[in-house]
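Here the structure comes first, spelled out in structure tokens, and everything after it is commentary.
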Amino acid sequence: MDRAVVLGGSVAGLLAARVVTDHASEVVLVERDDLAGGPAMRKGVPQGAHVHGLLARGLEQIEALFPGITQEMFEDGAEVADPGIDLRWFVDGQAKPPAGIGLGVSCTRPFLEWHLRRRVAALKGVRVVRGRAEGLTASAGRVDGVTLSGAEQEGEHVGADLVVDCTGKSTRIDAWLDAMGYVAAPQRKVNVGLGYATRFFARAPDERLGGARAIISITDDVNRARGAVAFPVEGGRWLVTVGGYDQDRPSSDPADFASRLEADPCVALRQFAHRDDVISDVATYRYPVSVRRDFYRCRRLPGALIGAGDSIASFNPIYGQGMTSATLHAAALGDYLGSGASPHEPAMRYFKKLRPLVNSVWTLSTSADFRLAHVTGDRPRGLWVTHRVNDLYTKATLQDATLHGLFLRVLNLQERPEMMARPDNLVRAYLAARRAPPVA
Ligand SMILES: Cc1cc2nc3c(=O)[nH]c(=O)nc-3n(C[C@H](O)[C@H](O)[C@H](O)COP(=O)(O)OP(=O)(O)OC[C@H]3O[C@@H](n4cnc5c(N)ncnc54)[C@H](O)[C@@H]3O)c2cc1C
């Protein structure tokens, strides 16, 4: 095809643009924020101030698309480590045993995005345009371009053989479809009511937290679930995020931030309640609802229109699945375009290919969400069984490194969740769960 337009220059847009360059002479990446400059927070991605764990599967996919990028990030200050060994997991203050699962990278979200952006901008045929997508234009049953607004592009129309919507959770795709005479994709929602608060602290070279390079600590309480993480990131810093739900969401008050860490059951995290090397204010973020759009259920869609990333499905961020999902969407897009499909057709085959990917991640995260008393919305099927299995694994993975490894591979989207329910694994989990928990 001659020209593809990718809307949104964040993680999903950058990955989609990379894949589309294999099939289009020109790729126009449209982003409303100014993308010039280095790794910095920007308005369009406010979640960038908070912890962004990239799952092992996501890093594998990114490395395949951009060979050598893990090494580049390492050289620029990111920590590269095994998320099952160097990152220690705590449930109610009890440590899980180490279980290696591969390579992970620990850095801030702007840093990761900047590395992707540099690589994409250097690709042949890529043009980055600053502007806001205001609407799509269509002719002969397919999308044929995008109308832009913004300082440089007011009213400009960019013609396209294919438009990929990567404008995130707040996409206006429903209104754009409506304006072209199509019905929006059916949605499913889960009201999670999550809140995050984050601060940065100075980190000495090779500094450890109770022997660990990074920590995730969660409480197993359906009425007052809390979590806290400390990740080493570029620039010699600790990124510390605390999370809570519903009425227990953290505020931007430094005293609230400190008191949550002081009360954390993981002792190694409590030092962040009173360290004097704090180097940022408290940033907060509210995540009210997870949303997915099921395009595969649409009766009628215009041709030449694709969606990827959070515009298709956004999940409770505590499971860290968003960016890795975007890598899988990009891979599905590459397969679809590589299969010889005309970009001008309605992309039903692409959306059907996404269905099992989205189902798997959505079921994993929303099933866990529905254990919390306050959560409402579209309940996935088989919740009772999933909860029994998850409860079993919560206890068993404190005892058994093999099971913790399996759990981590499922969480990192390296293994299918059904593996946890395989009879031999269930028996092993049952026996492990009966053993006394280790001393904290
Ligand atoms: C608090 C929080 C924590 C998270 N933590 C993790 C984590 O630990 N691990 C993980 O993998 N994921 C995490 N996520 C999810 C992750 O941020 C997203 O999945 C990821 O950014 C991919 O999203 P995206 O590119 O689809 O959309 P976004 O990142 O939301 O980007 C959308 C882009 O589109 C641009 N845009 C929007 N509208 C227009 C328009 N009309 N015209 C032009 N440009 C437009 C925006 O400026 C932005 O650049 C977290 C999310 C939140 C909210």
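Here's how to read the names in the structure tokens: chain A, B, ... by the order shown, residue numbers from 1 in each chain, ligand numbers from 1 in the order shown.
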Find the residues near Ala202 (chain A): any atom within 9 Å, counting only C-alpha atoms, skip ones fewer than 2 places away on the same chain, and give them as a count of residues only.
9
Could you make a table, as a Markdown table, of the residues of chain A that have an atom within 7 Å of an atom of ligand 1, each with its nearest atom pair and distance in Å to one decimal, counting only C-alpha atoms and all ligand atoms, in chain and number order?
| residue | atom | partner | partner_atom_place_in_ligand_line | distance |
| --- | --- | --- | --- | --- |
| A:Leu7 | CA | ligand 1 | 43 (C) | 5.5 |
| A:Gly8 | CA | ligand 1 | 34 (O) | 3.4 |
| A:Gly9 | CA | ligand 1 | 49 (O) | 4.8 |
| A:Ser10 | CA | ligand 1 | 49 (O) | 4.2 |
| A:Val11 | CA | ligand 1 | 25 (O) | 4.1 |
| A:Ala12 | CA | ligand 1 | 25 (O) | 3.7 |
| A:Gly13 | CA | ligand 1 | 25 (O) | 5.6 |
| A:Val30 | CA | ligand 1 | 43 (C) | 5.4 |
| A:Glu31 | CA | ligand 1 | 44 (N) | 3.9 |
| A:Arg32 | CA | ligand 1 | 43 (C) | 4.2 |
| A:Asp33 | CA | ligand 1 | 47 (O) | 5.5 |
| A:Lys43 | CA | ligand 1 | 47 (O) | 6.8 |
| A:Gly44 | CA | ligand 1 | 47 (O) | 3.4 |
| A:Val45 | CA | ligand 1 | 48 (C) | 5.4 |
| A:Gln47 | CA | ligand 1 | 1 (C) | 4.5 |
| A:Gly48 | CA | ligand 1 | 17 (O) | 6.8 |
| A:His50 | CA | ligand 1 | 3 (C) | 5.8 |
| A:Val51 | CA | ligand 1 | 8 (O) | 5.4 |
| A:His52 | CA | ligand 1 | 8 (O) | 3.2 |
| A:Gly53 | CA | ligand 1 | 8 (O) | 3.9 |
| A:Leu54 | CA | ligand 1 | 11 (O) | 5.0 |
| A:Leu55 | CA | ligand 1 | 11 (O) | 6.7 |
| A:Gly131 | CA | ligand 1 | 43 (C) | 5.9 |
| A:Arg132 | CA | ligand 1 | 42 (N) | 3.5 |
| A:Ala133 | CA | ligand 1 | 42 (N) | 3.8 |
| A:Glu134 | CA | ligand 1 | 41 (N) | 5.9 |
| A:Cys166 | CA | ligand 1 | 26 (O) | 5.2 |
| A:Thr167 | CA | ligand 1 | 34 (O) | 3.5 |
| A:Gly168 | CA | ligand 1 | 27 (O) | 3.4 |
| A:Lys169 | CA | ligand 1 | 30 (O) | 5.8 |
| A:Ser170 | CA | ligand 1 | 37 (C) | 6.9 |
| A:Thr171 | CA | ligand 1 | 38 (N) | 6.0 |
| A:Tyr196 | CA | ligand 1 | 1 (C) | 6.4 |
| A:Tyr285 | CA | ligand 1 | 1 (C) | 5.8 |
| A:Tyr287 | CA | ligand 1 | 53 (C) | 6.0 |
| A:Ala308 | CA | ligand 1 | 26 (O) | 6.4 |
| A:Gly309 | CA | ligand 1 | 26 (O) | 3.6 |
| A:Asp310 | CA | ligand 1 | 26 (O) | 3.7 |
| A:Ser311 | CA | ligand 1 | 26 (O) | 5.7 |
| A:Ser314 | CA | ligand 1 | 19 (O) | 6.3 |
| A:Pro317 | CA | ligand 1 | 4 (C) | 4.4 |
| A:Ile318 | CA | ligand 1 | 8 (O) | 6.3 |
| A:Tyr319 | CA | ligand 1 | 8 (O) | 6.8 |
| A:Gly320 | CA | ligand 1 | 9 (N) | 3.3 |
| A:Gln321 | CA | ligand 1 | 11 (O) | 4.3 |
| A:Gly322 | CA | ligand 1 | 19 (O) | 3.1 |
| A:Met323 | CA | ligand 1 | 11 (O) | 3.6 |
| A:Thr324 | CA | ligand 1 | 11 (O) | 5.3 |
| A:Ala326 | CA | ligand 1 | 22 (C) | 6.0 |
Computed interatomic separation between CA of Arg42 (chain A) and CA of Val242 (chain A) (Å):
21.5 Å
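Using only C-alpha atoms for every distance, the candidate list A:Gly303, A:Ala17, A:Pro254, A:Ala432 yields A:Gly303 as the residue closest to Thr137 (chain A).
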Tell me, counting only C-alpha atoms, for each residue of region 386-434 of chain A within 12 Å of region 216-222 of chain A, which pair of atoms is nearest and how far apart they are in Å to one decimal, in rows ordered by chain and increasing number, as a tab-separated table.
residue	atom	partner	partner_atom	distance
A:His387	CA	A:Val222	CA	11.7
A:Asn390	CA	A:Asp220	CA	11.3
A:Asp391	CA	A:Asp220	CA	9.4
A:Thr394	CA	A:Asp220	CA	8.6
A:Lys395	CA	A:Asp220	CA	10.2
Can you tell me which residues surround Val192 (chain A) at a distance of at most 10 Å, considering only C-alpha atoms, apart from same-chain residues fewer than 2 positions away, and format the answer as a ChimeraX atom specification?
/A:189-190,194-195,245-246,287-290,315-316,366,369-370,372,374-377
How would the residues just picked look written out with C-alpha atoms as a short mmCIF file (atom, residue, chain, number, x, y, z; two decimals), in the first residue's frame?
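Saved to result33.cif:
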data_model
loop_
_atom_site.label_atom_id
_atom_site.label_comp_id
_atom_site.auth_asym_id
_atom_site.auth_seq_id
_atom_site.Cartn_x
_atom_site.Cartn_y
_atom_site.Cartn_z
CA LYS A 189 -16.68 -2.69 31.35
CA VAL A 190 -15.43 -3.54 34.80
CA LEU A 194 -8.05 1.87 41.42
CA GLY A 195 -5.79 4.69 42.57
CA TYR A 245 -9.08 0.84 45.71
CA ASP A 246 -12.39 2.63 45.97
CA TYR A 287 -8.17 4.42 37.01
CA PRO A 288 -11.95 4.00 37.34
CA VAL A 289 -12.85 1.39 34.76
CA SER A 290 -11.45 -1.28 32.44
CA PHE A 315 -7.04 -3.49 31.81
CA ASN A 316 -6.52 -2.83 35.50
CA THR A 366 -11.03 -9.11 35.50
CA ASP A 369 -10.65 -7.89 40.04
CA PHE A 370 -13.96 -9.54 40.86
CA LEU A 372 -12.59 -7.50 45.44
CA HIS A 374 -16.41 -3.26 45.56
CA VAL A 375 -15.89 -4.28 41.89
CA THR A 376 -18.92 -4.23 39.57
CA GLY A 377 -19.45 -4.71 35.83
#
Do a neighbour search on Ala36 (chain A) at 12 Å with only C-alpha atoms, toss out local chain neighbours closer than 6 positions, and write the hits as a list in words.
Gly9, Arg42, Trp114, Arg117, Arg118, Ala121, Val128, Val129 and Arg130 of chain A
Deliver the residues from the most recent selection as a file, using N, CA and C atoms, as a PDB file, in the first residue's frame.
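Result saved to out_33.pdb:
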ATOM      1  N   GLY A   9       0.991   8.357  19.104  1.00  0.00           N
ATOM      2  CA  GLY A   9       2.429   8.019  19.057  1.00  0.00           C
ATOM      3  C   GLY A   9       2.927   7.470  20.377  1.00  0.00           C
ATOM      4  N   ARG A  42       4.697  13.462  29.305  1.00  0.00           N
ATOM      5  CA  ARG A  42       3.926  14.315  28.403  1.00  0.00           C
ATOM      6  C   ARG A  42       2.444  14.190  28.725  1.00  0.00           C
ATOM      7  N   TRP A 114      10.588   6.470  24.706  1.00  0.00           N
ATOM      8  CA  TRP A 114      11.588   7.241  23.957  1.00  0.00           C
ATOM      9  C   TRP A 114      12.493   6.308  23.155  1.00  0.00           C
ATOM     10  N   ARG A 117      10.537   5.186  20.262  1.00  0.00           N
ATOM     11  CA  ARG A 117      10.296   6.299  19.334  1.00  0.00           C
ATOM     12  C   ARG A 117      11.514   6.584  18.462  1.00  0.00           C
ATOM     13  N   ARG A 118      12.691   6.558  19.096  1.00  0.00           N
ATOM     14  CA  ARG A 118      13.940   6.794  18.340  1.00  0.00           C
ATOM     15  C   ARG A 118      14.079   5.783  17.229  1.00  0.00           C
ATOM     16  N   ALA A 121      11.294   6.409  14.492  1.00  0.00           N
ATOM     17  CA  ALA A 121      11.543   7.628  13.711  1.00  0.00           C
ATOM     18  C   ALA A 121      12.668   7.412  12.704  1.00  0.00           C
ATOM     19  N   VAL A 128       6.626  11.642  11.270  1.00  0.00           N
ATOM     20  CA  VAL A 128       5.868  11.953  12.481  1.00  0.00           C
ATOM     21  C   VAL A 128       5.238  13.330  12.299  1.00  0.00           C
ATOM     22  N   VAL A 129       3.920  13.396  12.495  1.00  0.00           N
ATOM     23  CA  VAL A 129       3.200  14.652  12.309  1.00  0.00           C
ATOM     24  C   VAL A 129       2.543  15.035  13.626  1.00  0.00           C
ATOM     25  N   ARG A 130       2.756  16.268  14.041  1.00  0.00           N
ATOM     26  CA  ARG A 130       2.080  16.702  15.265  1.00  0.00           C
ATOM     27  C   ARG A 130       0.699  17.230  14.912  1.00  0.00           C
TER      28      ARG A 130
END
What's around Ser25 (chain A) at 12 Å? Count only C-alpha atoms, leave out sequence neighbours fewer than 4 positions away in its own chain, and write the answer as a PyMOL selection string.
chain A and resi 1-5+17+20-21+123-127+160-162
Output as a PyMOL selection string all residues of region 206-356 of chain A that backbone DSSP marks as strand (DSSP E or B).
chain A and resi 209+212+214-218+226-233+237-245+278+283-293+303+305-307+313-314
